[in-house]
Amino acid sequence: AAPSGKTSMKVEFSHDNASASGSDNAIYVYKYIAEGNAPEVQYFASNDGVDDNKTFGVVAGSTYYILVDVNSSFGSASSGYTRYRYGLLASFGTEVYELEQNNSTTTAHSITAGTTYTGGYDGSSVEDPYYYANDYFKVTASSNTMTVSLSHVSALASASDWDVYVYNSSGTQIDDFDADNGVNNQIELWLTSGASYYIQVYSPNSYTTYKYKLKIEFSTTSGSLELDTPNGTIAT
């Protein structure tokens, strides 16, 4: 189980035969909730003898299982069988990550204002759609102005592109912005204090290896505010 006070887990996979063609493995991480209910929260492949690792969010006190699917080719009797061995190391940290699975408003990760959350692509069998990073967060407004900030772990990286969408409690989109090419961005919008809102962070680039940091902050704005409902036409 994840120790008390820990919010992230790092899974490191190594090959005894470095750079060996055919030393192929798939690594799956599952969070145990109850018998028959263990959603997958991380997936990555480590092929051709190339070591790899992933860090992702966990919940302290929860139990996680790691499955290593050995896909290595062992050769034949005539050529002599090859046995590829691997090393697996799991450790825990205090970095704050988004929690999978959070691919819709129904399964959105409830977050706290003022805390920075790191996110990214968590694997084809975790994300939906499977080839794009797609994370939903839920927050309750503590005042009438919300600032949504997205920063890049890899600053100024040309392919670090993220689309951010804001929805009200009914799931209606009320705002959006882009943070592309590793350039940070943010928006400030007026809303209803006490109401719930969803923030979606989505990468338009399939299988992205880049990560983002999301932060939500609330403040109070005086005066007449535009309501957080669609008002883009005469009718609304």
# chains A, B, ... in the order shown; residues from 1 in each chain; ligands from 1
$ select_by_dssp --residues "range 15-227 of chain A" --states "strand (DSSP E or B)" --output "PyMOL selection string"
chain A and resi 15+25-32+34+37+40-46+52-57+63-70+86-93+97+109-110+116-119+134-140+145-152+162-167+173-179+185-190+196-202+212-219
$ residues_around --residues "range 177-189 of chain A" --least-positions-apart "6" --cutoff "8 Å" --atoms "only C-alpha atoms" --output "mmCIF file with all heavy atoms, in the first residue's frame"
data_model
loop_
_atom_site.group_PDB
_atom_site.id
_atom_site.type_symbol
_atom_site.label_atom_id
_atom_site.label_comp_id
_atom_site.auth_asym_id
_atom_site.auth_seq_id
_atom_site.Cartn_x
_atom_site.Cartn_y
_atom_site.Cartn_z
ATOM 1 N N THR A 145 -14.148 34.623 -8.708
ATOM 2 C CA THR A 145 -13.188 34.700 -9.813
ATOM 3 C C THR A 145 -12.215 33.522 -9.736
ATOM 4 O O THR A 145 -11.658 33.252 -8.670
ATOM 5 C CB THR A 145 -12.391 36.014 -9.773
ATOM 6 O OG1 THR A 145 -13.298 37.119 -9.776
ATOM 7 C CG2 THR A 145 -11.471 36.136 -10.968
ATOM 8 N N MET A 146 -12.040 32.844 -10.855
ATOM 9 C CA MET A 146 -11.126 31.701 -10.896
ATOM 10 C C MET A 146 -10.039 31.945 -11.933
ATOM 11 O O MET A 146 -10.315 32.357 -13.056
ATOM 12 C CB MET A 146 -11.881 30.414 -11.238
ATOM 13 C CG MET A 146 -10.981 29.183 -11.373
ATOM 14 S SD MET A 146 -11.884 27.613 -11.489
ATOM 15 C CE MET A 146 -12.695 27.786 -13.092
ATOM 16 N N THR A 147 -8.794 31.680 -11.544
ATOM 17 C CA THR A 147 -7.668 31.730 -12.466
ATOM 18 C C THR A 147 -7.188 30.308 -12.716
ATOM 19 O O THR A 147 -6.888 29.565 -11.769
ATOM 20 C CB THR A 147 -6.509 32.561 -11.895
ATOM 21 O OG1 THR A 147 -6.964 33.894 -11.640
ATOM 22 C CG2 THR A 147 -5.349 32.613 -12.879
ATOM 23 N N VAL A 148 -7.161 29.920 -13.978
ATOM 24 C CA VAL A 148 -6.697 28.595 -14.381
ATOM 25 C C VAL A 148 -5.353 28.786 -15.076
ATOM 26 O O VAL A 148 -5.265 29.454 -16.098
ATOM 27 C CB VAL A 148 -7.690 27.907 -15.336
ATOM 28 C CG1 VAL A 148 -7.186 26.526 -15.730
ATOM 29 C CG2 VAL A 148 -9.070 27.820 -14.695
ATOM 30 N N SER A 149 -4.293 28.196 -14.508
ATOM 31 C CA SER A 149 -2.943 28.362 -15.050
ATOM 32 C C SER A 149 -2.378 27.018 -15.471
ATOM 33 O O SER A 149 -2.472 26.038 -14.722
ATOM 34 C CB SER A 149 -2.011 28.984 -14.002
ATOM 35 O OG SER A 149 -2.518 30.209 -13.522
ATOM 36 N N LEU A 150 -1.794 26.975 -16.669
ATOM 37 C CA LEU A 150 -1.110 25.776 -17.123
ATOM 38 C C LEU A 150 0.331 26.117 -17.487
ATOM 39 O O LEU A 150 0.573 27.024 -18.285
ATOM 40 C CB LEU A 150 -1.808 25.132 -18.316
ATOM 41 C CG LEU A 150 -1.218 23.757 -18.677
ATOM 42 C CD1 LEU A 150 -2.318 22.739 -18.956
ATOM 43 C CD2 LEU A 150 -0.268 23.843 -19.866
ATOM 44 N N SER A 151 1.259 25.408 -16.884
ATOM 45 C CA SER A 151 2.679 25.586 -17.195
ATOM 46 C C SER A 151 3.256 24.268 -17.689
ATOM 47 O O SER A 151 2.675 23.193 -17.471
ATOM 48 C CB SER A 151 3.451 26.080 -15.966
ATOM 49 O OG SER A 151 3.322 25.168 -14.890
ATOM 50 N N HIS A 152 4.385 24.356 -18.366
ATOM 51 C CA HIS A 152 5.001 23.195 -18.994
ATOM 52 C C HIS A 152 6.185 22.715 -18.175
ATOM 53 O O HIS A 152 7.020 23.519 -17.740
ATOM 54 C CB HIS A 152 5.467 23.540 -20.406
ATOM 55 C CG HIS A 152 4.364 23.967 -21.320
ATOM 56 N ND1 HIS A 152 3.814 23.122 -22.262
ATOM 57 C CD2 HIS A 152 3.702 25.135 -21.444
ATOM 58 C CE1 HIS A 152 2.864 23.759 -22.927
ATOM 59 N NE2 HIS A 152 2.777 24.988 -22.436
ATOM 60 N N SER A 154 8.475 20.951 -19.553
ATOM 61 C CA SER A 154 9.556 21.205 -20.519
ATOM 62 C C SER A 154 9.294 22.556 -21.180
ATOM 63 O O SER A 154 8.586 22.650 -22.187
ATOM 64 C CB SER A 154 9.609 20.099 -21.572
ATOM 65 O OG SER A 154 9.814 18.838 -20.970
ATOM 66 N N ALA A 155 9.846 23.603 -20.610
ATOM 67 C CA ALA A 155 9.595 24.961 -21.097
ATOM 68 C C ALA A 155 10.090 25.138 -22.527
ATOM 69 O O ALA A 155 11.182 24.681 -22.885
ATOM 70 C CB ALA A 155 10.274 25.974 -20.185
ATOM 71 N N LEU A 156 9.263 25.768 -23.341
ATOM 72 C CA LEU A 156 9.574 26.136 -24.727
ATOM 73 C C LEU A 156 9.791 24.933 -25.643
ATOM 74 O O LEU A 156 10.352 25.072 -26.737
ATOM 75 C CB LEU A 156 10.799 27.058 -24.783
ATOM 76 C CG LEU A 156 10.700 28.356 -23.962
ATOM 77 C CD1 LEU A 156 11.968 29.178 -24.108
ATOM 78 C CD2 LEU A 156 9.478 29.172 -24.380
ATOM 79 N N ALA A 157 9.339 23.743 -25.226
ATOM 80 C CA ALA A 157 9.433 22.564 -26.093
ATOM 81 C C ALA A 157 8.401 22.684 -27.207
ATOM 82 O O ALA A 157 7.208 22.875 -26.947
ATOM 83 C CB ALA A 157 9.205 21.292 -25.290
ATOM 84 N N SER A 158 8.829 22.559 -28.450
ATOM 85 C CA SER A 158 7.969 22.865 -29.595
ATOM 86 C C SER A 158 6.753 21.956 -29.696
ATOM 87 O O SER A 158 5.755 22.332 -30.294
ATOM 88 C CB SER A 158 8.779 22.788 -30.892
ATOM 89 O OG SER A 158 9.308 21.485 -31.081
ATOM 90 N N ALA A 159 6.810 20.760 -29.138
ATOM 91 C CA ALA A 159 5.669 19.835 -29.246
ATOM 92 C C ALA A 159 4.913 19.667 -27.933
ATOM 93 O O ALA A 159 4.039 18.809 -27.830
ATOM 94 C CB ALA A 159 6.147 18.473 -29.745
ATOM 95 N N SER A 160 5.235 20.508 -26.950
ATOM 96 C CA SER A 160 4.493 20.464 -25.693
ATOM 97 C C SER A 160 3.266 21.354 -25.836
ATOM 98 O O SER A 160 3.306 22.555 -25.581
ATOM 99 C CB SER A 160 5.376 20.939 -24.528
ATOM 100 O OG SER A 160 4.671 20.840 -23.298
ATOM 101 N N ASP A 161 2.168 20.749 -26.281
ATOM 102 C CA ASP A 161 0.937 21.478 -26.606
ATOM 103 C C ASP A 161 -0.217 20.945 -25.754
ATOM 104 O O ASP A 161 -0.441 19.728 -25.697
ATOM 105 C CB ASP A 161 0.579 21.299 -28.088
ATOM 106 C CG ASP A 161 1.694 21.750 -29.016
ATOM 107 O OD1 ASP A 161 2.401 22.715 -28.668
ATOM 108 O OD2 ASP A 161 1.861 21.128 -30.089
ATOM 109 N N TRP A 162 -0.972 21.868 -25.160
ATOM 110 C CA TRP A 162 -2.095 21.475 -24.311
ATOM 111 C C TRP A 162 -3.286 22.395 -24.547
ATOM 112 O O TRP A 162 -3.126 23.603 -24.671
ATOM 113 C CB TRP A 162 -1.686 21.520 -22.834
ATOM 114 C CG TRP A 162 -0.557 20.585 -22.542
ATOM 115 C CD1 TRP A 162 0.776 20.894 -22.492
ATOM 116 C CD2 TRP A 162 -0.652 19.176 -22.308
ATOM 117 N NE1 TRP A 162 1.515 19.769 -22.224
ATOM 118 C CE2 TRP A 162 0.663 18.699 -22.113
ATOM 119 C CE3 TRP A 162 -1.716 18.286 -22.238
ATOM 120 C CZ2 TRP A 162 0.949 17.360 -21.848
ATOM 121 C CZ3 TRP A 162 -1.437 16.953 -21.966
ATOM 122 C CH2 TRP A 162 -0.133 16.497 -21.782
ATOM 123 N N ASP A 163 -4.462 21.799 -24.600
ATOM 124 C CA ASP A 163 -5.726 22.525 -24.704
ATOM 125 C C ASP A 163 -6.449 22.412 -23.363
ATOM 126 O O ASP A 163 -6.536 21.316 -22.793
ATOM 127 C CB ASP A 163 -6.612 21.931 -25.804
ATOM 128 C CG ASP A 163 -5.948 21.995 -27.173
ATOM 129 O OD1 ASP A 163 -5.077 22.854 -27.374
ATOM 130 O OD2 ASP A 163 -6.305 21.165 -28.034
ATOM 131 N N VAL A 164 -6.955 23.534 -22.882
ATOM 132 C CA VAL A 164 -7.622 23.556 -21.584
ATOM 133 C C VAL A 164 -9.056 24.049 -21.770
ATOM 134 O O VAL A 164 -9.282 25.098 -22.384
ATOM 135 C CB VAL A 164 -6.872 24.461 -20.586
ATOM 136 C CG1 VAL A 164 -7.548 24.433 -19.220
ATOM 137 C CG2 VAL A 164 -5.411 24.029 -20.469
ATOM 138 N N TYR A 165 -10.008 23.293 -21.234
ATOM 139 C CA TYR A 165 -11.425 23.637 -21.351
ATOM 140 C C TYR A 165 -12.031 23.728 -19.953
ATOM 141 O O TYR A 165 -11.700 22.925 -19.068
ATOM 142 C CB TYR A 165 -12.183 22.569 -22.149
ATOM 143 C CG TYR A 165 -11.627 22.330 -23.533
ATOM 144 C CD1 TYR A 165 -10.637 21.373 -23.746
ATOM 145 C CD2 TYR A 165 -12.082 23.058 -24.632
ATOM 146 C CE1 TYR A 165 -10.116 21.145 -25.010
ATOM 147 C CE2 TYR A 165 -11.569 22.841 -25.901
ATOM 148 C CZ TYR A 165 -10.591 21.887 -26.084
ATOM 149 O OH TYR A 165 -10.070 21.666 -27.341
#
$ closest_residue --among "A:Thr112, A:Thr220, A:Ser72, A:Asn102" --to "Asn25 in chain A" --atoms "only C-alpha atoms"
A:Ser72
$ closest_atom_pairs --of "range 20-120 of chain A" --to "range 202-215 of chain A" --cutoff "8 Å" --atoms "only C-alpha atoms" --output "CSV"
residue,atom,partner,partner_atom,distance
A:Ala113,CA,A:Lys215,CA,7.1
A:Gly114,CA,A:Lys215,CA,6.3
A:Thr115,CA,A:Lys215,CA,6.0
A:Thr116,CA,A:Lys215,CA,4.7
A:Tyr117,CA,A:Leu214,CA,5.2
A:Thr118,CA,A:Lys213,CA,4.4
A:Gly119,CA,A:Tyr212,CA,5.4
A:Gly120,CA,A:Lys211,CA,4.6
$ residues_around --residues "Asp128 in chain A" --least-positions-apart "6" --cutoff "9 Å" --atoms "only C-alpha atoms" --output "PyMOL selection string"
chain A and resi 103-104+134
$ write_last_selection --atoms "C-alpha atoms" --output "mmCIF file, in the first residue's frame"
data_model
loop_
_atom_site.group_PDB
_atom_site.id
_atom_site.type_symbol
_atom_site.label_atom_id
_atom_site.label_comp_id
_atom_site.auth_asym_id
_atom_site.auth_seq_id
_atom_site.Cartn_x
_atom_site.Cartn_y
_atom_site.Cartn_z
ATOM 1 C CA ASN A 103 -11.076 10.733 -18.406
ATOM 2 C CA SER A 104 -14.535 12.312 -17.988
ATOM 3 C CA ASN A 134 -7.035 13.506 -21.469
#
$ closest_residue --among "A:Ile111, A:Ala34, A:Ile174, A:Val50" --to "Ser14 in chain A" --atoms "only C-alpha atoms"
A:Val50
$ closest_residue --among "A:Asp16, A:Asp176, A:Glu217, A:Asp24" --to "Val68 in chain A" --atoms "only C-alpha atoms"
A:Asp24
$ residues_around --residues "range 39-48 of chain A" --least-positions-apart "3" --cutoff "7 Å" --atoms "only C-alpha atoms" --output "PyMOL selection string"
chain A and resi 19-31+51-52+100-101+122-123+125-126
$ residues_around --residues "Phe137 in chain A" --least-positions-apart "2" --cutoff "6 Å" --atoms "only C-alpha atoms" --output "NGL selection string"
:A and (108-110 or 198-199)
